[in-house]
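Note sheet for the following structure.
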Amino acid sequence: MTVRLLADGEVVDNQTLTLNAESEWKGSFSGLPKFKAGKEIAYTVSEDEVSGYSTAYSGTAAGGFTVTNTITGKVSVAVTKAWAGIDADAAPAVLVQLYADGVASGDPVTLDGNAEDGSWSHIFEGLDQYTAEGKAIAYTVAEQGVENGKLSAGGHDYTVKVAQDGDSWTVTNTMENPKTSVSGKKVWDDADNQDGIRPDSVTVELLANGAATGKTVEVPADGDGSFTFTGLPTFDAKGIEIAYSVDEVGVPEGYEKSIEGTTITNIHTPAVRTVSVTKAWDDLECRAVCRQ
């Protein structure tokens, strides 16, 4: 590197130093006049620009100057918020903090793709690439409120995972969706199958928020009528608790259907026959005595 001598702020011709490892990065200007026109000259130094480094000066002409070069460079760090198990348009806002070598850098940013002019991504720009000692800075990001990889927000619990790809980070929140079950009962109200028309079984289907789920179960007529749907998600893609119900697929001929909660009753009124009876008397000889 080249260091030039300045006298009262002006570069002095033919007064330069070339500093390198061989010189142990040291040098001196000697034989310099102390005064000019009766006034003491103020000597300083200036280094020619070194690409990729900033320059700082300290010291005095009497005690010597120190020229410090600090490696420079700016980087950007991008972060994207991703959601799983819940639609992004139903997800809550989150706070993401930038860290430089493990220390919080600046204020956390809000990621909210559902807010006006909001977004699920952010770029931290103009970040120093190196420390004052020339060491590369390791940048990381973390979502605030996360403990042991778990976050509670917007009425739900999430598992949080952070992935890095160069200077880009993705923070993925997966909504925890506990499994539930729906149990019900099939009841026959047909005078114990008096007319013998009860089918061998019926099909019960599961509905979620009133819509068919495609899940069905066969309920034998000779059993206790119990049935259960298992392994069902508690919440839908909007994070709203699912209202489950049941229905019978087709109603057996001769029956009517009644549903209360998850109890399905098939009702059949047995046929009624009228039988006429006529009483005849064959007692002419003892009519007066016998018909009493």
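Labels used: A, B, ... for chains in the order of the structure tokens, numbers from 1 for residues in each chain, and numbers from 1 for ligands as shown.
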What lies within 9 Å of A:Ser183 using only C-alpha atoms, ignoring chain neighbours under 3 positions off, as a PyMOL selection string? chain A and resi 226-230+262-263
Find the residues near stretch 98-115 of chain A: any atom within 10 Å, counting only C-alpha atoms, skip ones fewer than 6 places away on the same chain, and give them as a PDB file with C-alpha atoms, in the first residue's frame.
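Result file selection-v8.pdb:
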ATOM      1  CA  VAL A  77     -30.075 -11.577   4.153  1.00  0.00           C
ATOM      2  CA  VAL A  79     -36.087 -14.424   5.029  1.00  0.00           C
ATOM      3  CA  THR A  80     -39.325 -16.057   3.894  1.00  0.00           C
ATOM      4  CA  LYS A  81     -42.182 -17.231   6.092  1.00  0.00           C
ATOM      5  CA  ALA A  88     -51.305 -18.617   4.587  1.00  0.00           C
ATOM      6  CA  ASP A  89     -54.347 -16.348   4.330  1.00  0.00           C
ATOM      7  CA  ALA A  90     -55.491 -17.658   7.722  1.00  0.00           C
ATOM      8  CA  ALA A  91     -52.087 -17.520   9.415  1.00  0.00           C
ATOM      9  CA  PRO A  92     -51.128 -14.962  12.087  1.00  0.00           C
ATOM     10  CA  SER A 121     -40.853 -12.174   3.186  1.00  0.00           C
ATOM     11  CA  HIS A 122     -38.253  -9.534   4.015  1.00  0.00           C
ATOM     12  CA  ILE A 123     -34.718  -8.604   3.001  1.00  0.00           C
ATOM     13  CA  PHE A 124     -32.251  -7.232   5.532  1.00  0.00           C
ATOM     14  CA  LEU A 127     -25.321  -5.419   6.351  1.00  0.00           C
ATOM     15  CA  ASP A 128     -21.619  -5.331   7.158  1.00  0.00           C
ATOM     16  CA  GLN A 129     -19.927  -8.409   5.800  1.00  0.00           C
ATOM     17  CA  THR A 131     -16.208  -7.151  11.752  1.00  0.00           C
ATOM     18  CA  ALA A 136     -16.708 -12.554   8.358  1.00  0.00           C
ATOM     19  CA  ILE A 137     -19.982 -12.029  10.205  1.00  0.00           C
ATOM     20  CA  ALA A 138     -22.329 -15.015  10.452  1.00  0.00           C
ATOM     21  CA  TYR A 139     -25.921 -13.858  10.054  1.00  0.00           C
ATOM     22  CA  THR A 140     -28.876 -15.936  11.188  1.00  0.00           C
ATOM     23  CA  VAL A 141     -32.595 -15.354  11.685  1.00  0.00           C
ATOM     24  CA  ALA A 142     -35.058 -16.605  14.271  1.00  0.00           C
ATOM     25  CA  GLU A 143     -38.757 -16.209  14.851  1.00  0.00           C
ATOM     26  CA  GLN A 144     -39.610 -14.568  18.143  1.00  0.00           C
TER      27      GLN A 144
END
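For A:Tyr158, the list of residues within 8 Å, based on only C-alpha atoms and with local chain neighbours fewer than 4 positions off taken out, reads Lys150, Leu151, Ser152, Ala153, Asn173, Thr174, Met175 and Glu176 of chain A.
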Deliver the residues from the most recent selection as a file, using N, CA and C atoms, as an mmCIF file, in the first residue's frame.
data_model
loop_
_atom_site.group_PDB
_atom_site.id
_atom_site.type_symbol
_atom_site.label_atom_id
_atom_site.label_comp_id
_atom_site.auth_asym_id
_atom_site.auth_seq_id
_atom_site.Cartn_x
_atom_site.Cartn_y
_atom_site.Cartn_z
ATOM 1 N N LYS A 150 -41.137 -24.734 19.304
ATOM 2 C CA LYS A 150 -42.593 -24.646 19.343
ATOM 3 C C LYS A 150 -43.031 -23.190 19.477
ATOM 4 N N LEU A 151 -44.163 -22.878 18.854
ATOM 5 C CA LEU A 151 -44.727 -21.527 18.926
ATOM 6 C C LEU A 151 -46.229 -21.622 19.112
ATOM 7 N N SER A 152 -46.767 -20.782 19.999
ATOM 8 C CA SER A 152 -48.214 -20.651 20.152
ATOM 9 C C SER A 152 -48.614 -19.283 19.626
ATOM 10 N N ALA A 153 -49.508 -19.273 18.646
ATOM 11 C CA ALA A 153 -49.935 -18.006 18.044
ATOM 12 C C ALA A 153 -51.293 -18.192 17.395
ATOM 13 N N ASN A 173 -43.615 -22.773 9.640
ATOM 14 C CA ASN A 173 -44.458 -23.098 10.787
ATOM 15 C C ASN A 173 -45.490 -24.137 10.351
ATOM 16 N N THR A 174 -45.497 -25.271 11.022
ATOM 17 C CA THR A 174 -46.471 -26.323 10.737
ATOM 18 C C THR A 174 -47.479 -26.382 11.873
ATOM 19 N N MET A 175 -48.749 -26.130 11.533
ATOM 20 C CA MET A 175 -49.784 -26.126 12.567
ATOM 21 C C MET A 175 -50.007 -27.542 13.088
ATOM 22 N N GLU A 176 -49.995 -27.670 14.392
ATOM 23 C CA GLU A 176 -50.291 -28.960 15.002
ATOM 24 C C GLU A 176 -51.802 -29.187 14.957
#
If you count only C-alpha atoms, which residues fall within 12 Å of stretch 184-189 of chain A, apart from same-chain ones fewer than 2 positions away, as a ChimeraX atom specification? /A:181-182,191-195,197-206,217-230,244-248,252,254-270
Using only C-alpha atoms: which of A:Thr180, A:Thr172, A:Thr70, A:Thr274 has the shortest distance to A:Gly149: A:Thr172
Using only C-alpha atoms, which residues sit within 10 Å of A:Asp236 once same-chain residues fewer than 3 positions away are excluded, as a list in words? Gly85, Ile86, Asp87, Asn177, Ala208, Asn209, Pro233, Gly239, Ile240, Glu241, Ile242 and Ala243 of chain A
Name the residues in contact with A:Ser58 at a cut-off of 9 Å, using only C-alpha atoms, excluding same-chain residues fewer than 4 positions from it; report them as a PDB file with C-alpha atoms, in the first residue's frame.
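Contents of result.pdb, freshly written:
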ATOM      1  CA  GLY A  64       3.701   8.441  14.727  1.00  0.00           C
ATOM      2  CA  PHE A  65       0.606   7.647  12.729  1.00  0.00           C
ATOM      3  CA  THR A  66      -1.312   4.395  12.540  1.00  0.00           C
ATOM      4  CA  VAL A  67      -3.234   3.632   9.383  1.00  0.00           C
ATOM      5  CA  THR A  68      -5.889   0.967   9.900  1.00  0.00           C
TER       6      THR A  68
END
What separation in Å, quoted to one decimal, exists between atom CA of A:Ala84 and atom CA of A:Ala163?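 Those two atoms sit 14.4 Å apart.
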One-decimal distance in Å that lies between atom CA of A:Lys161 and atom CA of A:Ala82: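 Between atom CA of A:Ala82 and atom CA of A:Lys161 the gap is 9.8 Å.
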Here is a test: counting only C-alpha atoms, which residue of A:Ala93, A:Asp165, A:Ile71, A:Asn14 is nearest to A:Ser119?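 Among the listed residues, A:Ala93 lies closest to A:Ser119.
For A:Glu10, the list of residues within 12 Å, based on only C-alpha atoms and with local chain neighbours fewer than 6 positions off taken out, reads Arg4, Ile41, Ala42, Tyr43, Thr44, Val45 and Ser46 of chain A.
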Which residue of A:Val162, A:Ala37, A:Leu32, A:Val249 approaches A:Ala212 most closely, using only C-alpha atoms: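 Smallest separation from A:Ala212 among the options: A:Val249.
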Counting only C-alpha atoms, which residue out of A:Asp157, A:Asp190, A:Asp48, A:Asp13 sits closest to A:Met1? A:Asp48
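Atom CA of A:Gly145 is found 28.9 Å from atom CA of A:Leu232.
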